[in-house]
Structure formats: C-alpha cells, structure tokens
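Coordinates as given in my_file_32.txt (compact mmCIF, C-alpha atoms):
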```txt
# COMPACT_ATOMS: atom_id res chain seq x y z
CA MET A 1 0.00 0.00 0.00
CA THR A 2 1.45 3.34 -1.03
CA HIS A 3 0.22 6.46 0.68
CA VAL A 4 0.07 10.05 -0.48
CA ASN A 5 3.24 11.76 0.77
CA THR A 6 1.97 15.33 0.86
CA CYS A 7 -1.13 14.87 3.04
CA LYS A 8 -3.56 12.32 4.45
CA PRO A 9 -6.55 12.65 2.09
CA SER A 10 -9.06 11.05 4.47
CA GLN A 11 -8.39 13.78 7.02
CA LEU A 12 -9.16 16.58 4.56
CA SER A 13 -12.50 18.31 4.23
CA GLN A 14 -14.17 17.89 0.86
CA SER A 15 -13.16 21.40 -0.23
CA ASP A 16 -9.52 20.83 0.82
CA PHE A 17 -9.47 17.40 -0.86
CA VAL A 18 -10.80 18.92 -4.08
CA ALA A 19 -8.26 21.77 -3.86
CA VAL A 20 -5.41 19.25 -3.59
CA PHE A 21 -6.61 16.83 -6.28
CA ALA A 22 -8.67 19.05 -8.64
CA ASP A 23 -6.07 19.28 -11.40
CA ILE A 24 -5.15 15.61 -11.50
CA TYR A 25 -7.82 15.72 -14.20
CA GLU A 26 -7.17 18.97 -16.07
CA HIS A 27 -9.54 21.74 -14.94
CA SER A 28 -12.08 19.08 -13.91
CA PRO A 29 -12.61 19.18 -10.15
CA TRP A 30 -15.78 17.11 -10.51
CA VAL A 31 -13.61 13.96 -10.66
CA ALA A 32 -12.04 14.74 -7.27
CA GLU A 33 -15.45 15.69 -5.86
CA GLU A 34 -16.90 12.33 -6.90
CA ALA A 35 -13.88 10.47 -5.47
CA TYR A 36 -14.41 12.18 -2.13
CA GLN A 37 -18.11 11.27 -2.22
CA ARG A 38 -17.23 7.63 -2.90
CA HIS A 39 -14.90 7.72 0.08
CA GLN A 40 -17.68 9.15 2.26
CA HIS A 41 -20.45 6.84 1.06
CA GLN A 42 -18.69 3.67 -0.14
CA GLY A 43 -15.60 3.64 2.07
CA ILE A 44 -13.08 3.96 -0.76
CA ASP A 45 -9.59 4.16 0.80
CA ILE A 46 -8.44 7.50 -0.53
CA ASP A 47 -5.25 7.36 1.55
CA ASP A 48 -3.93 4.58 -0.69
CA ILE A 49 -2.62 6.24 -3.85
CA ALA A 50 -3.31 3.25 -6.11
CA THR A 51 -6.88 2.95 -4.84
CA LEU A 52 -7.49 6.68 -5.23
CA GLN A 53 -5.99 6.67 -8.71
CA GLN A 54 -8.15 3.72 -9.78
CA CYS A 55 -11.24 5.31 -8.24
CA MET A 56 -10.69 8.52 -10.21
CA ALA A 57 -9.95 6.60 -13.42
CA ASP A 58 -13.19 4.66 -12.97
CA ILE A 59 -15.10 7.90 -12.39
CA LEU A 60 -13.87 9.26 -15.71
CA LEU A 61 -14.69 6.09 -17.61
CA ALA A 62 -18.18 5.87 -16.04
CA ALA A 63 -19.02 9.52 -16.69
CA ASP A 64 -21.51 10.44 -19.35
CA PRO A 65 -20.06 11.27 -22.77
CA GLU A 66 -20.74 15.01 -22.33
CA GLN A 67 -18.68 15.12 -19.12
CA GLN A 68 -15.93 13.10 -20.77
CA LEU A 69 -15.89 15.42 -23.76
CA ALA A 70 -15.74 18.47 -21.51
CA LEU A 71 -12.73 16.98 -19.73
CA ILE A 72 -11.04 16.17 -23.05
CA ASN A 73 -11.66 19.74 -24.19
CA ALA A 74 -10.17 21.08 -20.94
CA HIS A 75 -6.77 19.86 -22.13
CA PRO A 76 -4.50 22.27 -23.95
CA ASP A 77 -3.10 21.69 -27.40
CA LEU A 78 0.38 20.22 -27.38
CA ALA A 79 2.75 23.06 -28.29
CA GLY A 80 -0.30 25.27 -28.70
CA ARG A 81 -1.00 28.93 -27.99
CA ALA A 82 -1.50 28.32 -24.27
CA ALA A 83 1.97 26.79 -24.03
CA VAL A 84 3.56 29.62 -26.01
CA ASN A 85 1.75 32.24 -23.90
CA GLY A 86 2.58 30.55 -20.59
CA GLU A 87 -1.09 29.81 -19.80
CA LEU A 88 -0.81 26.08 -18.99
CA THR A 89 -1.30 24.57 -15.56
CA ALA A 90 1.95 23.90 -13.74
CA ALA A 91 1.55 20.16 -14.39
CA SER A 92 0.97 20.64 -18.14
CA THR A 93 3.90 23.04 -18.40
CA SER A 94 6.19 20.53 -16.70
CA GLU A 95 4.92 17.60 -18.77
CA GLN A 96 5.31 19.40 -22.10
CA ALA A 97 8.75 20.73 -21.13
CA GLY A 98 9.83 17.25 -20.04
CA ALA A 99 9.05 16.01 -23.54
CA GLY A 100 11.07 18.86 -25.06
CA ILE A 101 8.03 20.52 -26.58
CA ASP A 102 9.20 23.87 -25.23
CA GLN A 103 12.34 23.44 -27.36
CA CYS A 104 10.53 23.09 -30.69
CA THR A 105 11.90 25.00 -33.62
CA ALA A 106 9.61 27.50 -35.35
CA GLU A 107 9.03 24.87 -38.04
CA GLU A 108 8.09 22.24 -35.45
CA PHE A 109 5.68 24.65 -33.70
CA THR A 110 4.08 25.32 -37.09
CA HIS A 111 3.80 21.57 -37.70
CA PHE A 112 2.22 21.04 -34.25
CA THR A 113 -0.22 23.88 -34.96
CA GLN A 114 -1.20 22.38 -38.32
CA LEU A 115 -1.69 18.94 -36.79
CA ASN A 116 -3.65 20.36 -33.83
CA ASP A 117 -5.94 22.25 -36.22
CA ALA A 118 -6.45 19.24 -38.51
CA TYR A 119 -7.09 16.92 -35.56
CA LYS A 120 -9.64 19.26 -33.98
CA ALA A 121 -11.34 19.77 -37.36
CA LYS A 122 -11.72 16.01 -37.73
CA PHE A 123 -12.58 15.01 -34.14
CA ASN A 124 -13.90 18.22 -32.53
CA PHE A 125 -11.57 17.81 -29.54
CA PRO A 126 -7.84 18.26 -28.98
CA PHE A 127 -5.19 15.59 -29.44
CA ILE A 128 -4.43 14.11 -26.02
CA LYS A 129 -1.13 12.39 -25.32
CA ALA A 130 0.53 11.46 -22.03
CA VAL A 131 3.91 12.93 -22.94
CA ARG A 132 6.09 11.86 -20.00
CA GLY A 133 8.80 9.57 -21.28
CA ALA A 134 8.24 10.72 -24.87
CA ASN A 135 9.89 13.41 -26.93
CA ARG A 136 8.55 15.83 -29.49
CA PHE A 137 9.60 13.59 -32.40
CA LEU A 138 7.69 10.57 -31.05
CA ILE A 139 4.71 12.78 -30.25
CA LEU A 140 4.62 14.17 -33.79
CA ALA A 141 4.83 10.64 -35.21
CA ASP A 142 1.92 9.50 -32.99
CA PHE A 143 -0.02 12.60 -33.95
CA LYS A 144 0.35 11.82 -37.66
CA ARG A 145 -0.63 8.18 -37.14
CA LEU A 146 -3.61 8.78 -34.88
CA ILE A 147 -5.16 11.48 -37.02
CA GLN A 148 -5.98 8.64 -39.44
CA THR A 149 -8.21 6.77 -36.96
CA ASN A 150 -11.97 7.12 -36.47
CA ILE A 151 -13.71 9.29 -33.90
CA ASP A 152 -14.87 6.44 -31.63
CA ALA A 153 -11.38 4.97 -31.40
CA GLU A 154 -9.84 8.39 -30.79
CA PHE A 155 -12.39 9.32 -28.12
CA LYS A 156 -11.56 6.10 -26.24
CA GLN A 157 -7.84 6.72 -26.77
CA ALA A 158 -8.17 10.26 -25.39
CA LEU A 159 -9.74 8.87 -22.20
CA LEU A 160 -6.96 6.29 -21.87
CA GLU A 161 -4.34 9.02 -22.34
CA ILE A 162 -6.05 11.23 -19.76
CA ASN A 163 -5.93 8.39 -17.24
CA LYS A 164 -2.22 7.90 -18.05
CA ILE A 165 -1.64 11.61 -17.45
CA ALA A 166 -3.47 11.32 -14.14
CA ALA A 167 -1.33 8.31 -13.15
CA PHE A 168 1.82 10.34 -13.84
CA ARG A 169 0.44 13.23 -11.80
CA PHE A 170 -0.36 10.90 -8.91
CA ASN A 171 3.30 9.86 -8.91
CA ASP A 172 4.13 13.46 -7.97
CA PHE A 173 2.25 13.08 -4.69
```

Any chance you could put this one into structure tokens?
Amino acid sequence: MTHVNTCKPSQLSQSDFVAVFADIYEHSPWVAEEAYQRHQHQGIDIDDIATLQQCMADILLAADPEQQLALINAHPDLAGRAAVNGELTAASTSEQAGAGIDQCTAEEFTHFTQLNDAYKAKFNFPFIKAVRGANRFLILADFKRLIQTNIDAEFKQALLEINKIAAFRFNDF
C-alpha cells in the first residue's frame, strides 16, 4: 500500500481534498469531488494512492459522454498557444517541457499547430497524449498516425491518455 506523501486525504475536508486533487484531471474538479463522495459513502480508501488513482480513473470512464468530452476539451493543445503564452497549468507546463516541446523549432511549432488544427477539425476535440517519457519527435509521429483513426477509437484513446496523465500526476504526490 502506497500512501500520499503530501497529506492524508481522508483527514481533509471535501473542499480541501478537491483543492489538492482538482487538477489531477485537467480543470475538472468534478472527478475529485466524486472520489471524495465515494470515500464518504462507499468507504473507498483515498489514503492509498493506487486505490485513489483507480477510483478517479473509474469515475472518468463511467461519466456520461458530455462530461468526458468536456474533460477532453479542458486539455491544452500540445505546443499550442496556451503553451507559447505561458497559460498552462503547472503540471501541463512541466509535462510538455519534459518532452522537449518547449524546445521546438519554429518549423516544429508550425507543424504542431497544423496537426492540432487538422485533428480538432476532424474530431472536434484536442489531441491528447501522455507525454512523459516521450519526446517531441515521437509525439509528432503518434499525432500523424492517430489522425488517421476514427472518432470512436480516438475518443476512447483520449480517455486512456487522460488516465495515463493522471497516473503520472499521482506519482508526484
């Protein structure tokens, strides 16, 4: 059993719990709110990081498609305007920098922008990729490959990637 190092979640009020865990799922505090409710009403052990992570992943996967889409749309474009303007969450900034996205050449930024625009035109949501452990060249290759898939497959893939991102973020606790 691995515990959260920064606090004891079960001893937090709901508002404090949500404040701590709200951005595990990008700008979507409803996931943390639901996890806290499951702890209160179903006895989910939110002090165990693996249990909490799985609980939150299950919440996302069980959410209605509109909630899922809103969460997908809460994610920034990779190497997009928000990154260039310094408007990302601290976690997104760190993740994109760790993959070297902040070191893109002007040509690579242009290529990311073109792919982001084409992807959103096709799927009506941004390309989501858990970028830790990757680099900008691998990300661009995945981007090119995945833009060829269908919307149902990409929607499911976006949810899987979001849960991977959350797992990486949990490792920071």

Could you jot down the atom CA of A:Phe123 to atom CA of A:Asp102 separation for me, Å, one decimal place?
25.1 Å

Find the residue from A:Gln114, A:Gln37, A:Gln157, A:Asn150 that sits nearest to A:Val18; use only C-alpha atoms when measuring.
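Among A:Gln114, A:Gln37, A:Gln157, A:Asn150, it is A:Gln37 that comes nearest to A:Val18.
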
Atomic separation - atom CA of A:Phe125 relative to atom CA of A:Gly98, Å
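If I compute the distance from atom CA of A:Gly98 to atom CA of A:Phe125, I get 23.4 Å.
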
Considering all atoms listed in the file, can you say which of A:Val131, A:Ala90, A:Ala106, A:Leu61 comes closest to A:Leu159?
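Closest to A:Leu159 of all the choices is A:Leu61.
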
Residues at most 12 Å from stretch 165-170 of chain A, counting all atoms listed in the file, excluding those fewer than 6 positions away in the same chain, as a ChimeraX atom specification?
/A:2-6,20-26,28,31-32,48-58,60,72,75,90-92,94-96,128-133,158-159

Could you give me, as a list of chain:residue names, the residues within 12 Å of A:Gln148, counting all atoms listed in the file and dropping anything in the same chain fewer than 3 positions from it?
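Those residues are A:Leu115, A:Ala118, A:Tyr119, A:Lys122, A:Phe123, A:Ala141, A:Asp142, A:Phe143, A:Lys144, A:Arg145, A:Ile151, A:Ala153, A:Glu154.
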
Just to confirm, what's the straight-line distance from atom CA of A:Ile59 to atom CA of A:Phe155 in Å (one decimal)?
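One can read the atom CA of A:Ile59 to atom CA of A:Phe155 distance as 16.0 Å.
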
Which residue of A:Ala74, A:Ile46, A:Leu146, A:Cys7 approaches A:Pro29 most closely, using all atoms listed in the file
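Residue with the minimum atom-to-atom distance to A:Pro29: A:Ala74.
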
Name the closest residue to A:Arg136 among the candidates A:Glu66, A:Glu108, A:Asp77, A:Asp117; distances are taken between atoms, counting only C-alpha atoms.
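Comparing A:Glu66, A:Glu108, A:Asp77, A:Asp117 against A:Arg136, the winner is A:Glu108.
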
Which one is closest to A:Ile147: A:Gln42, A:Ser15, A:Asn116, A:Asn163? Count all atoms listed in the file.
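With all atoms listed in the file as the atom set, the closest residue is A:Asn116.
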
Give the centre and edge lengths of an axis-aligned box, in Å to one decimal, that holds all listed atoms of stretch 135-150 of chain A with 5 Å on each side, as AutoDock Vina command-line options.
```
--center_x -1.0 --center_y 11.3 --center_z -33.2 --size_x 31.9 --size_y 19.1 --size_z 22.5
```
